[in-house]
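Enquirer: Following this message is one structure expressed as structure tokens.
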Amino acid sequence: MDNLELINILEPSELANLETEIKTIEKQIEELEIKTLLNGEYDNCNCYLEIHPGAGGTESCDWASMLSRMYLRFCDNMKYSYEIIDSENGEEAGLKSITIHIKGLYAYGYLKKEKGVHRLVRISPFDSGGRRHTSFASVLVTPEYNKEINIEVKESDLKIDVYHSSGAGGQSVNTSNSAVRITHLSTNIVVTCQNERSQARNKEIALKMLKNKLYELELQNLEDKQNNIKGTIDNINFGSQIRSYVLEPYKLIKDNRSGYETSNVMKVLDGEILPMIEANLKIR
């Protein structure tokens with residue numbers, strides 16, 4: 001008796017159970033496939049995710065805020081913990097920058113492909129004429145290397161600035177100069193931290209982030225991949241985007257690398273980005 005004949009003699013309830021088992025096995029196979037693709041040396045690490053708006057003032061700052069919300073919702077969906085290390089509000093709305101420390105198994109492996117320029121097309125809520133605007137923001141992702149990084153950082157090569165940390169107002173505002181900004185003069189890498197009340201603690205976290213960036217720079221130099229070095233996404237504009245989010249005149253999100261498309265834009269902006277991430281992992 002072949003499989004087709006066997007199916008024909010099954011009771012409806014038995015057939016339903018068989019279909020459920022097949023779907024379960026298919027899901028398990030797909031999950032196993034993804035895990036085999038997360039085999040990079042640092043894929044199982046925590047990571048730092050940064051968002052920076054492109055040219056466009058309030059529009060781009062608001063887009064950076066929307067992306068921040070999307071990634072935080074993604075972290076919630078993945079049961080990842082996160083901490084906002086540094087953020088700077090836009091003059092009218094949105095964010096001028098934000099750095100998020102994300103902790104969880106394969107956090108870097110899943111989010112590494114998000115590095116690049118993200119493009120938004122929508123009717124601007126800030127335009128009294130109701131015109132369509134295009135905004136850009138860059139996303140940068142660095143692994144938190146899970147080993148001691150032996151990189152010498154000379155004090156003479158650092159420019160350290162302290163300033164008042166921003167807050168929501170009221171008792172949450174820190175009126176002391178506890179926030180720390182460190183500029184590595186020879187590479188022009190800048191890191192900031194303001195989430196701790198102690199200036200010493202903020203400096204400690206900022207130095208750790210700096211060492212992560214310097215270590216990544218060293219790795220990229222060894223691999224001769226200068227164009228992929230974190231922080232070299234200079235042209236945050238047309239033609240450089242990895243993904244487009246179109247809200248008007250139609251609804252479509254398209255990933256330019258994998259070709260993945262969906263018209264359910266609100267679901268994606270609410271953090272349902274795992275299918276797009278997995279589509280990019282499968283490119284290899």
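Please note that chains go A, B, ... in the order of the structure tokens, that every chain numbers its residues from 1, and that ligands are numbered from 1 in the order shown.
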If we count only C-alpha atoms, what is near segment 42-55 of chain A at a cut-off of 7 Å, once residues fewer than 4 positions away on the same chain are taken out, given as a ChimeraX atom specification?

Expert: /A:38,60-61,64,96-109,136-146,236

Enquirer: Write out, as a PDB file, in the first residue's frame, the residues just selected, with N, CA and C atoms.

Expert:
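The file below, out-v9.pdb, is the result:
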```
ATOM      1  N   LEU A  38      23.155  30.539  11.725  1.00  0.00           N
ATOM      2  CA  LEU A  38      23.700  31.419  12.760  1.00  0.00           C
ATOM      3  C   LEU A  38      24.977  30.795  13.318  1.00  0.00           C
ATOM      4  N   SER A  60      13.424  62.949   9.481  1.00  0.00           N
ATOM      5  CA  SER A  60      14.360  61.846   9.680  1.00  0.00           C
ATOM      6  C   SER A  60      14.484  61.483  11.151  1.00  0.00           C
ATOM      7  N   CYS A  61      14.424  62.483  12.032  1.00  0.00           N
ATOM      8  CA  CYS A  61      14.478  62.203  13.470  1.00  0.00           C
ATOM      9  C   CYS A  61      13.267  61.375  13.898  1.00  0.00           C
ATOM     10  N   ALA A  64      13.807  57.853  12.785  1.00  0.00           N
ATOM     11  CA  ALA A  64      14.726  57.158  13.686  1.00  0.00           C
ATOM     12  C   ALA A  64      13.985  56.666  14.929  1.00  0.00           C
ATOM     13  N   LYS A  96      17.712  62.213  17.560  1.00  0.00           N
ATOM     14  CA  LYS A  96      18.920  62.518  16.805  1.00  0.00           C
ATOM     15  C   LYS A  96      19.867  61.329  16.792  1.00  0.00           C
ATOM     16  N   SER A  97      19.785  60.502  17.835  1.00  0.00           N
ATOM     17  CA  SER A  97      20.584  59.276  17.887  1.00  0.00           C
ATOM     18  C   SER A  97      20.104  58.447  19.061  1.00  0.00           C
ATOM     19  N   ILE A  98      20.371  57.144  18.980  1.00  0.00           N
ATOM     20  CA  ILE A  98      20.072  56.249  20.096  1.00  0.00           C
ATOM     21  C   ILE A  98      20.992  55.038  20.007  1.00  0.00           C
ATOM     22  N   THR A  99      21.466  54.579  21.153  1.00  0.00           N
ATOM     23  CA  THR A  99      22.276  53.370  21.246  1.00  0.00           C
ATOM     24  C   THR A  99      21.603  52.420  22.229  1.00  0.00           C
ATOM     25  N   ILE A 100      21.344  51.192  21.790  1.00  0.00           N
ATOM     26  CA  ILE A 100      20.642  50.204  22.598  1.00  0.00           C
ATOM     27  C   ILE A 100      21.544  48.991  22.804  1.00  0.00           C
ATOM     28  N   HIS A 101      21.702  48.583  24.043  1.00  0.00           N
ATOM     29  CA  HIS A 101      22.456  47.369  24.363  1.00  0.00           C
ATOM     30  C   HIS A 101      21.455  46.224  24.443  1.00  0.00           C
ATOM     31  N   ILE A 102      21.571  45.256  23.552  1.00  0.00           N
ATOM     32  CA  ILE A 102      20.604  44.164  23.453  1.00  0.00           C
ATOM     33  C   ILE A 102      21.261  42.865  23.899  1.00  0.00           C
ATOM     34  N   LYS A 103      20.602  42.168  24.836  1.00  0.00           N
ATOM     35  CA  LYS A 103      21.158  40.952  25.412  1.00  0.00           C
ATOM     36  C   LYS A 103      20.235  39.776  25.147  1.00  0.00           C
ATOM     37  N   GLY A 104      20.792  38.711  24.590  1.00  0.00           N
ATOM     38  CA  GLY A 104      20.021  37.507  24.328  1.00  0.00           C
ATOM     39  C   GLY A 104      20.782  36.605  23.376  1.00  0.00           C
ATOM     40  N   LEU A 105      20.462  35.312  23.399  1.00  0.00           N
ATOM     41  CA  LEU A 105      21.154  34.351  22.543  1.00  0.00           C
ATOM     42  C   LEU A 105      20.923  34.682  21.075  1.00  0.00           C
ATOM     43  N   TYR A 106      22.008  34.803  20.323  1.00  0.00           N
ATOM     44  CA  TYR A 106      21.992  35.117  18.891  1.00  0.00           C
ATOM     45  C   TYR A 106      21.472  36.529  18.598  1.00  0.00           C
ATOM     46  N   ALA A 107      21.571  37.430  19.562  1.00  0.00           N
ATOM     47  CA  ALA A 107      21.118  38.809  19.324  1.00  0.00           C
ATOM     48  C   ALA A 107      21.868  39.422  18.142  1.00  0.00           C
ATOM     49  N   TYR A 108      23.201  39.271  18.128  1.00  0.00           N
ATOM     50  CA  TYR A 108      23.975  39.817  17.007  1.00  0.00           C
ATOM     51  C   TYR A 108      23.707  39.045  15.724  1.00  0.00           C
ATOM     52  N   GLY A 109      23.606  37.734  15.830  1.00  0.00           N
ATOM     53  CA  GLY A 109      23.371  36.915  14.642  1.00  0.00           C
ATOM     54  C   GLY A 109      22.102  37.300  13.909  1.00  0.00           C
ATOM     55  N   PHE A 136      15.386  59.065   5.629  1.00  0.00           N
ATOM     56  CA  PHE A 136      16.398  58.024   5.742  1.00  0.00           C
ATOM     57  C   PHE A 136      16.973  57.981   7.150  1.00  0.00           C
ATOM     58  N   ALA A 137      17.375  56.802   7.567  1.00  0.00           N
ATOM     59  CA  ALA A 137      18.094  56.632   8.833  1.00  0.00           C
ATOM     60  C   ALA A 137      19.020  55.434   8.684  1.00  0.00           C
ATOM     61  N   SER A 138      20.157  55.493   9.354  1.00  0.00           N
ATOM     62  CA  SER A 138      21.100  54.370   9.297  1.00  0.00           C
ATOM     63  C   SER A 138      21.060  53.584  10.591  1.00  0.00           C
ATOM     64  N   VAL A 139      21.224  52.281  10.451  1.00  0.00           N
ATOM     65  CA  VAL A 139      21.285  51.372  11.596  1.00  0.00           C
ATOM     66  C   VAL A 139      22.671  50.733  11.610  1.00  0.00           C
ATOM     67  N   LEU A 140      23.323  50.767  12.755  1.00  0.00           N
ATOM     68  CA  LEU A 140      24.652  50.192  12.921  1.00  0.00           C
ATOM     69  C   LEU A 140      24.587  49.147  14.028  1.00  0.00           C
ATOM     70  N   VAL A 141      25.199  47.999  13.806  1.00  0.00           N
ATOM     71  CA  VAL A 141      25.137  46.898  14.773  1.00  0.00           C
ATOM     72  C   VAL A 141      26.545  46.367  15.038  1.00  0.00           C
ATOM     73  N   THR A 142      26.910  46.284  16.312  1.00  0.00           N
ATOM     74  CA  THR A 142      28.225  45.788  16.717  1.00  0.00           C
ATOM     75  C   THR A 142      28.048  44.678  17.743  1.00  0.00           C
ATOM     76  N   PRO A 143      28.738  43.567  17.602  1.00  0.00           N
ATOM     77  CA  PRO A 143      28.635  42.521  18.634  1.00  0.00           C
ATOM     78  C   PRO A 143      29.316  42.956  19.921  1.00  0.00           C
ATOM     79  N   GLU A 144      28.791  42.494  21.031  1.00  0.00           N
ATOM     80  CA  GLU A 144      29.489  42.643  22.301  1.00  0.00           C
ATOM     81  C   GLU A 144      30.350  41.392  22.451  1.00  0.00           C
ATOM     82  N   TYR A 145      31.616  41.528  22.148  1.00  0.00           N
ATOM     83  CA  TYR A 145      32.486  40.360  22.082  1.00  0.00           C
ATOM     84  C   TYR A 145      32.549  39.669  23.435  1.00  0.00           C
ATOM     85  N   ASN A 146      32.344  38.347  23.416  1.00  0.00           N
ATOM     86  CA  ASN A 146      32.214  37.590  24.662  1.00  0.00           C
ATOM     87  C   ASN A 146      33.556  37.095  25.189  1.00  0.00           C
ATOM     88  N   ILE A 236      23.518  58.577   3.650  1.00  0.00           N
ATOM     89  CA  ILE A 236      22.205  58.139   4.111  1.00  0.00           C
ATOM     90  C   ILE A 236      21.174  58.824   3.221  1.00  0.00           C
TER      91      ILE A 236
END
```

Enquirer: Using DSSP secondary structure from the backbone, list all strand (DSSP E or B) positions within segment 94-263 of chain A, as number ranges by chain.

Expert: A: 95-103, 116-123, 132-144, 158-163, 179-184, 189-193, 241-246, 252-255, 261-262

Enquirer: Please build the interface table for segment 9-121 of chain A against segment 249-259 of chain A with a cut-off of 10 Å, listing for each qualifying residue the nearest atom pair and the distance in Å to one decimal; count only C-alpha atoms, order rows by chain and increasing number, and write it as a tab-separated table.

Expert:
```
residue	atom	partner	partner_atom	distance
A:Lys113	CA	A:Arg257	CA	9.8
A:His118	CA	A:Asp255	CA	9.5
A:Arg119	CA	A:Ile253	CA	9.7
A:Leu120	CA	A:Ile253	CA	9.3
A:Val121	CA	A:Pro249	CA	8.6
```

Enquirer: What are the nearest atom pairs, with distances in Å to one decimal, for all residues of segment 42-158 of chain A that come at most 7 Å from segment 192-199 of chain A, using only C-alpha atoms, set out by chain and rising residue number as CSV?

Expert:
```
residue,atom,partner,partner_atom,distance
A:Ile84,CA,A:Asn195,CA,7.0
A:Ile85,CA,A:Asn195,CA,5.4
A:Asp86,CA,A:Cys193,CA,5.0
```

Enquirer: Could you check how far atom CA of Pro125 of chain A sits from atom CA of Arg69 of chain A, in Å to one decimal?

Expert: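 According to the coordinates, atom CA of Pro125 of chain A and atom CA of Arg69 of chain A are separated by 17.6 Å.
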
Enquirer: Set the distance at 9 Å and use only C-alpha atoms: which residues neighbour Ile277 of chain A once local chain neighbours fewer than 5 positions away are removed? I'd like the list as number ranges by chain.

Expert: A: 110-111, 113-114, 282

Enquirer: Between A:Arg201, A:Leu37, A:Leu210, A:Ala179, which one has atoms that come closest to Leu158 of chain A, using only C-alpha atoms?

Expert: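 Distance minimum relative to Leu158 of chain A lands on A:Leu210.
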
Enquirer: Contacts between segment 261-269 of chain A and segment 56-97 of chain A, please, where a residue of segment 56-97 of chain A counts if it comes within 10 Å (with only C-alpha atoms); show its shortest atom pair and distance in Å to one decimal, rows by chain and ascending number, as JSON lines.

Expert:
```
{"residue": "A:Met66", "atom": "CA", "partner": "A:Leu269", "partner_atom": "CA", "distance": 7.3}
{"residue": "A:Leu67", "atom": "CA", "partner": "A:Leu269", "partner_atom": "CA", "distance": 7.4}
{"residue": "A:Ser68", "atom": "CA", "partner": "A:Leu269", "partner_atom": "CA", "distance": 9.6}
{"residue": "A:Arg69", "atom": "CA", "partner": "A:Leu269", "partner_atom": "CA", "distance": 7.7}
{"residue": "A:Met70", "atom": "CA", "partner": "A:Leu269", "partner_atom": "CA", "distance": 5.1}
{"residue": "A:Tyr71", "atom": "CA", "partner": "A:Leu269", "partner_atom": "CA", "distance": 8.5}
{"residue": "A:Arg73", "atom": "CA", "partner": "A:Leu269", "partner_atom": "CA", "distance": 8.6}
{"residue": "A:Phe74", "atom": "CA", "partner": "A:Val268", "partner_atom": "CA", "distance": 9.2}
```

Enquirer: Could you tell me how far atom CA of Ser81 of chain A lies from atom CA of Glu216 of chain A, in Å and to one decimal?

Expert: 23.0 Å
